[in-house]
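Coordinates from target.tsv are shown below (TSV, C-alpha atoms).
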```
chain	number	residue	atom	x	y	z
A	1	MET	CA	-55.80	-24.45	4.09
A	2	ARG	CA	-57.33	-21.91	1.74
A	3	ARG	CA	-60.50	-22.82	-0.09
A	4	ARG	CA	-60.18	-23.73	-3.73
A	5	VAL	CA	-63.68	-22.33	-4.36
A	6	PRO	CA	-64.66	-18.95	-2.83
A	7	LEU	CA	-67.27	-18.94	-0.09
A	8	ARG	CA	-70.56	-17.68	-1.54
A	9	LEU	CA	-71.91	-14.71	0.44
A	10	ALA	CA	-75.26	-12.97	0.42
A	11	ALA	CA	-75.19	-9.54	2.06
A	12	PHE	CA	-78.26	-7.91	3.63
A	13	ALA	CA	-77.90	-4.13	3.97
A	14	SER	CA	-80.20	-1.17	4.54
A	15	GLY	CA	-77.84	1.79	4.28
A	16	ARG	CA	-74.78	3.15	2.56
A	17	GLY	CA	-72.95	-0.19	2.58
A	18	SER	CA	-69.56	0.72	4.06
A	19	ASN	CA	-69.04	-2.76	5.50
A	20	LEU	CA	-70.03	-4.30	2.17
A	21	ALA	CA	-67.53	-2.06	0.37
A	22	ALA	CA	-64.79	-3.07	2.82
A	23	ILE	CA	-65.54	-6.77	2.29
A	24	LEU	CA	-65.43	-6.37	-1.49
A	25	GLU	CA	-62.07	-4.59	-1.15
A	26	LYS	CA	-60.69	-7.51	0.87
A	27	ILE	CA	-61.93	-9.93	-1.79
A	28	ASP	CA	-60.42	-7.87	-4.60
A	29	THR	CA	-57.02	-7.78	-2.88
A	30	GLY	CA	-56.99	-11.53	-2.21
A	31	LYS	CA	-57.33	-11.23	1.56
A	32	LEU	CA	-60.73	-12.94	1.69
A	33	ASP	CA	-61.60	-16.23	0.00
A	34	ALA	CA	-65.18	-15.30	-0.76
A	35	GLN	CA	-67.53	-14.08	-3.47
A	36	VAL	CA	-70.54	-11.83	-2.89
A	37	VAL	CA	-73.24	-13.45	-5.02
A	38	LEU	CA	-76.22	-11.37	-3.87
A	39	VAL	CA	-76.91	-8.06	-2.16
A	40	LEU	CA	-80.40	-7.70	-0.76
A	41	SER	CA	-81.99	-4.63	0.84
A	42	ASN	CA	-85.32	-3.64	2.33
A	43	ASN	CA	-84.55	-0.08	1.16
A	44	SER	CA	-84.73	0.63	-2.57
A	45	ASP	CA	-82.45	3.66	-2.13
A	46	ALA	CA	-79.74	1.85	-0.18
A	47	GLY	CA	-76.22	2.74	-1.18
A	48	ALA	CA	-75.35	-0.93	-0.78
A	49	LEU	CA	-77.47	-1.73	-3.85
A	50	ASP	CA	-75.53	0.83	-5.88
A	51	ILE	CA	-72.24	-0.70	-4.71
A	52	ALA	CA	-73.47	-4.13	-5.78
A	53	ARG	CA	-74.45	-2.90	-9.24
A	54	GLN	CA	-71.09	-1.18	-9.69
A	55	HIS	CA	-69.42	-4.55	-9.02
A	56	GLY	CA	-71.77	-6.53	-11.25
A	57	ILE	CA	-73.37	-8.28	-8.29
A	58	PRO	CA	-77.11	-9.11	-8.39
A	59	ALA	CA	-78.89	-6.47	-6.29
A	60	MET	CA	-82.43	-7.03	-5.05
A	61	HIS	CA	-84.92	-4.85	-3.18
A	62	ILE	CA	-87.18	-7.11	-1.13
A	63	SER	CA	-89.38	-5.51	1.53
A	64	ARG	CA	-92.22	-6.91	3.62
A	65	LYS	CA	-94.35	-4.01	2.30
A	66	GLN	CA	-94.27	-5.56	-1.18
A	67	PHE	CA	-96.17	-8.68	-0.06
A	68	ASN	CA	-99.62	-9.46	1.25
A	69	ASP	CA	-98.45	-11.82	4.01
A	70	ASP	CA	-95.37	-12.93	5.91
A	71	GLN	CA	-95.14	-16.33	4.25
A	72	THR	CA	-94.95	-14.93	0.72
A	73	TYR	CA	-92.32	-12.43	1.86
A	74	GLU	CA	-90.21	-15.10	3.55
A	75	ASN	CA	-90.52	-17.39	0.52
A	76	ALA	CA	-89.19	-14.59	-1.68
A	77	LEU	CA	-86.14	-14.21	0.58
A	78	LEU	CA	-85.53	-17.96	0.69
A	79	THR	CA	-85.88	-18.25	-3.08
A	80	ALA	CA	-83.38	-15.44	-3.68
A	81	LEU	CA	-80.88	-17.08	-1.34
A	82	ALA	CA	-81.38	-20.52	-2.86
A	83	ASP	CA	-81.14	-19.27	-6.45
A	84	SER	CA	-77.82	-17.57	-5.66
A	85	GLN	CA	-76.53	-20.73	-3.93
A	86	THR	CA	-75.70	-18.75	-0.82
A	87	GLU	CA	-73.45	-20.48	1.70
A	88	LEU	CA	-73.12	-17.71	4.30
A	89	VAL	CA	-75.42	-14.75	4.97
A	90	ILE	CA	-73.83	-11.57	6.29
A	91	LEU	CA	-75.84	-8.70	7.74
A	92	ALA	CA	-74.12	-5.40	7.01
A	93	GLY	CA	-76.18	-2.63	8.51
A	94	TYR	CA	-79.51	-4.39	7.95
A	95	MET	CA	-82.21	-2.58	9.92
A	96	LYS	CA	-84.93	-5.23	9.88
A	97	LYS	CA	-85.28	-8.32	12.03
A	98	ILE	CA	-84.59	-11.48	10.04
A	99	PRO	CA	-87.61	-13.82	9.89
A	100	VAL	CA	-87.25	-16.96	12.00
A	101	SER	CA	-87.62	-19.20	8.95
A	102	ILE	CA	-84.53	-17.60	7.38
A	103	VAL	CA	-82.56	-17.86	10.63
A	104	ARG	CA	-83.43	-21.55	10.91
A	105	THR	CA	-82.49	-22.28	7.32
A	106	PHE	CA	-79.10	-20.61	7.80
A	107	GLN	CA	-78.51	-21.61	11.40
A	108	GLY	CA	-74.80	-21.32	12.09
A	109	ARG	CA	-74.33	-19.71	8.66
A	110	MET	CA	-75.53	-16.16	9.29
A	111	LEU	CA	-73.38	-13.38	10.74
A	112	ASN	CA	-74.05	-9.90	12.04
A	113	ILE	CA	-71.69	-7.15	13.17
A	114	HIS	CA	-72.53	-4.90	16.13
A	115	PRO	CA	-70.63	-1.75	17.18
A	116	ALA	CA	-70.22	-2.67	20.85
A	117	LEU	CA	-68.92	-5.49	23.01
A	118	LEU	CA	-71.98	-7.70	23.37
A	119	PRO	CA	-73.89	-8.51	25.49
A	120	SER	CA	-73.46	-4.88	26.58
A	121	PHE	CA	-75.30	-2.21	24.59
A	122	GLY	CA	-77.19	-4.61	22.34
A	123	GLY	CA	-80.82	-5.37	21.66
A	124	GLN	CA	-83.77	-3.74	19.96
A	125	GLY	CA	-83.29	-0.03	19.40
A	126	LEU	CA	-79.55	-0.11	20.03
A	127	TYR	CA	-77.96	0.40	16.64
A	128	GLY	CA	-75.76	3.03	14.98
A	129	HIS	CA	-75.32	6.26	16.92
A	130	PHE	CA	-77.72	5.07	19.64
A	131	VAL	CA	-75.12	2.50	20.70
A	132	HIS	CA	-72.31	5.03	20.96
A	133	GLU	CA	-74.48	7.56	22.78
A	134	ALA	CA	-75.40	4.88	25.32
A	135	VAL	CA	-71.75	3.88	25.80
A	136	LEU	CA	-70.73	7.49	26.46
A	137	ALA	CA	-73.71	8.14	28.75
A	138	PHE	CA	-72.76	5.12	30.87
A	139	GLY	CA	-69.20	6.37	31.22
A	140	CYS	CA	-67.51	3.35	29.66
A	141	LYS	CA	-63.74	3.43	29.19
A	142	VAL	CA	-63.80	0.70	26.53
A	143	SER	CA	-66.18	-0.15	23.70
A	144	GLY	CA	-65.62	-2.21	20.60
A	145	VAL	CA	-67.15	-4.42	17.95
A	146	THR	CA	-68.66	-7.90	17.92
A	147	VAL	CA	-69.17	-10.30	15.02
A	148	HIS	CA	-71.76	-12.85	16.10
A	149	LEU	CA	-73.97	-15.60	14.79
A	150	VAL	CA	-77.58	-14.59	14.24
A	151	ASP	CA	-80.41	-16.19	16.18
A	152	ALA	CA	-84.10	-15.33	16.56
A	153	GLN	CA	-83.52	-12.32	18.86
A	154	TYR	CA	-81.66	-9.04	18.51
A	155	ASP	CA	-77.90	-9.33	19.15
A	156	THR	CA	-78.08	-12.51	21.25
A	157	GLY	CA	-76.27	-14.98	19.00
A	158	ALA	CA	-72.92	-16.48	19.99
A	159	PRO	CA	-69.93	-14.17	19.42
A	160	VAL	CA	-67.39	-15.28	16.80
A	161	MET	CA	-64.90	-12.42	17.19
A	162	GLN	CA	-64.67	-9.30	19.36
A	163	ARG	CA	-62.25	-6.40	19.40
A	164	SER	CA	-62.00	-3.60	21.93
A	165	VAL	CA	-61.66	0.10	21.18
A	166	PRO	CA	-60.75	2.69	23.85
A	167	VAL	CA	-63.22	5.41	24.70
A	168	LEU	CA	-61.33	8.70	24.87
A	169	GLU	CA	-62.13	11.54	27.25
A	170	GLU	CA	-62.96	13.91	24.40
A	171	ASP	CA	-65.05	11.41	22.42
A	172	THR	CA	-68.42	12.22	20.96
A	173	ALA	CA	-70.77	9.62	19.51
A	174	GLU	CA	-69.47	10.59	16.07
A	175	THR	CA	-65.75	10.27	16.84
A	176	LEU	CA	-66.24	6.99	18.69
A	177	ALA	CA	-68.36	5.64	15.83
A	178	ALA	CA	-65.68	6.53	13.28
A	179	ARG	CA	-62.95	4.77	15.27
A	180	ILE	CA	-65.07	1.67	15.77
A	181	LEU	CA	-66.07	1.59	12.09
A	182	LYS	CA	-62.41	1.21	11.11
A	183	GLU	CA	-62.25	-1.91	13.28
A	184	GLU	CA	-65.52	-3.19	11.81
A	185	HIS	CA	-64.02	-3.05	8.33
A	186	GLN	CA	-61.15	-5.27	9.48
A	187	ILE	CA	-62.77	-7.75	11.83
A	188	TYR	CA	-65.77	-8.64	9.66
A	189	ALA	CA	-63.57	-9.86	6.82
A	190	GLU	CA	-61.41	-11.77	9.32
A	191	ALA	CA	-64.46	-13.54	10.74
A	192	ILE	CA	-65.79	-14.40	7.28
A	193	GLN	CA	-62.37	-15.82	6.37
A	194	LEU	CA	-62.60	-18.17	9.36
A	195	PHE	CA	-65.82	-19.56	7.85
A	196	ALA	CA	-64.19	-19.76	4.42
A	197	GLU	CA	-61.47	-21.89	6.00
A	198	GLY	CA	-64.00	-24.05	7.88
A	199	ARG	CA	-62.48	-23.15	11.23
A	200	VAL	CA	-65.59	-22.17	13.24
A	201	ARG	CA	-67.33	-24.70	15.48
A	202	LEU	CA	-70.25	-23.93	17.80
A	203	ASP	CA	-70.16	-25.52	21.27
A	204	GLY	CA	-73.19	-24.33	23.20
A	205	ARG	CA	-72.78	-20.57	23.59
A	206	ARG	CA	-69.14	-20.67	22.58
A	207	THR	CA	-67.66	-20.58	19.13
A	208	LYS	CA	-64.39	-22.46	18.91
A	209	ILE	CA	-61.84	-21.28	16.37
A	210	LEU	CA	-59.86	-24.22	15.05
A	211	PRO	CA	-56.17	-23.76	14.23
A	212	PRO	CA	-55.28	-23.25	10.57
A	213	GLU	CA	-54.43	-26.36	8.56
A	214	PHE	CA	-51.40	-26.42	6.36
A	215	GLU	CA	-50.73	-28.69	3.42
A	216	LYS	CA	-47.93	-31.09	4.16
A	217	GLN	CA	-44.80	-30.42	2.22
A	218	PRO	CA	-43.62	-33.33	0.04
```
Here is the file; what I need is its structure written in the form of structure tokens.
Amino acid sequence: MRRRVPLRLAAFASGRGSNLAAILEKIDTGKLDAQVVLVLSNNSDAGALDIARQHGIPAMHISRKQFNDDQTYENALLTALADSQTELVILAGYMKKIPVSIVRTFQGRMLNIHPALLPSFGGQGLYGHFVHEAVLAFGCKVSGVTVHLVDAQYDTGAPVMQRSVPVLEEDTAETLAARILKEEHQIYAEAIQLFAEGRVRLDGRRTKILPPEFEKQP
């Protein structure tokens, strides 16, 4: 059953914001029952902030460097999320580790997307082109993308959705990245829609996807 009220999303992004743009496109075309209510970046020059402003979405630059201590920084993040009435946090190319206090507050309600099939090729330092270079160096025949819940460590939260992408003989890190990015733009919106429909349940390390509910016909 589709939500009558859109799921309220806050997006954290550090870069150009291609995943954010793809999510907004899915919302605009009615394929995603959600509303981006806040875009937050640690980088004042992030393209994601420009995308937010172009769509009339509140855009905030909040960096640890702006604050004297961790607690004040974390309070600023929590206040921004509370003021926007965020229901689900999505990380879309966010290059900073999320403070534990934020993870705890949004436990089970924070998603990240990673350009590999976790738990392979994940962890600190493995992001962007570094992931694809590592996949090619290992000689993998398959890579892919993982949407996962966020916990206190890098890329160790329970997977929600995964999709494989073949590694071609002639692939470079750039060509593999481009092919995986196309899948990222599809699967992230699909995973968010599962949350919008209330169909995700966490059972230990496993996320269970409940079947869709349909309104009974009179």
d(atom CA of Glu184 of chain A, atom CA of Val167 of chain A) in Å | 15.7 Å
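Considering all atoms listed in the file, the residue among A:Thr86, A:Val165, A:Ile23, A:Thr79 positioned nearest to Val37 of chain A is A:Thr86.
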Segment 195-203 of chain A surroundings by all atoms listed in the file, 12 Å radius, close-in-sequence under 4 positions cut, as an NGL selection string = :A and (1-9 or 27 or 31-35 or 87-90 or 107-111 or 148-149 or 157-161 or 188-191 or 207-214)
Hey, what's within 9 Å of Ile180 of chain A if we count all atoms listed in the file and toss same-chain stuff fewer than 4 positions away? As a PDB file with C-alpha atoms, in the frame of the given file, please?
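result-v4.pdb written:
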```
ATOM      1  CA  PRO A 115     -70.630  -1.750  17.180  1.00  0.00           C
ATOM      2  CA  ALA A 116     -70.220  -2.670  20.850  1.00  0.00           C
ATOM      3  CA  SER A 143     -66.180  -0.150  23.700  1.00  0.00           C
ATOM      4  CA  GLY A 144     -65.620  -2.210  20.600  1.00  0.00           C
ATOM      5  CA  VAL A 145     -67.150  -4.420  17.950  1.00  0.00           C
ATOM      6  CA  SER A 164     -62.000  -3.600  21.930  1.00  0.00           C
ATOM      7  CA  VAL A 165     -61.660   0.100  21.180  1.00  0.00           C
ATOM      8  CA  THR A 175     -65.750  10.270  16.840  1.00  0.00           C
ATOM      9  CA  LEU A 176     -66.240   6.990  18.690  1.00  0.00           C
ATOM     10  CA  GLU A 184     -65.520  -3.190  11.810  1.00  0.00           C
ATOM     11  CA  HIS A 185     -64.020  -3.050   8.330  1.00  0.00           C
TER      12      HIS A 185
END
```
Could you name the residues that touch Gln124 of chain A at 10 Å or less, counting only C-alpha atoms, but leaving out those on the same chain fewer than 5 positions away, as a ChimeraX atom specification?
-> /A:97,153-155
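The space separating atom CA of Ala76 of chain A from atom CA of Glu25 of chain A comes to 28.9 Å.
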From the list A:Ala59, A:Ala13, A:Ala137, A:Val147, which residue is nearest Ile113 of chain A when using only C-alpha atoms?
-> A:Val147
So that each row is one residue of segment 64-164 of chain A with an atom at most 9 Å from segment 39-48 of chain A, can you give its shortest atom pair and the distance in Å to one decimal, using all atoms listed in the file, rows by chain and rising number, as CSV?
```
residue,atom,partner,partner_atom,distance
A:Arg64,CA,A:Asn42,CA,7.7
A:Leu77,CA,A:Leu40,CA,8.8
A:Ala80,CA,A:Leu40,CA,8.8
A:Tyr94,CA,A:Ser41,CA,7.5
A:Met95,CA,A:Asn42,CA,8.3
A:Lys96,CA,A:Asn42,CA,7.7
```
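Rounded to one decimal, atom CA of Leu81 of chain A and atom CA of Leu38 of chain A lie 7.8 Å from each other.
The smallest atom-to-atom distance between Arg205 of chain A and any of A:Thr156, A:Arg179, A:Glu170, A:Phe121, using all atoms listed in the file, is found for A:Thr156.
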Residue with the minimum atom-to-atom distance to Gln85 of chain A, picked from A:His55, A:Ala22, A:Tyr73, A:Ala10 with only C-alpha atoms counted, is A:Ala10
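Using only C-alpha atoms, the nearest neighbour of Phe138 of chain A within the list A:Ser120, A:Ala177, A:Arg53, A:Asn112 is A:Ser120.
Closest approach to Asp70 of chain A among A:Thr172, A:Ser84, A:Ser101, A:Asn19 is made by A:Ser101 (distances from all atoms listed in the file).
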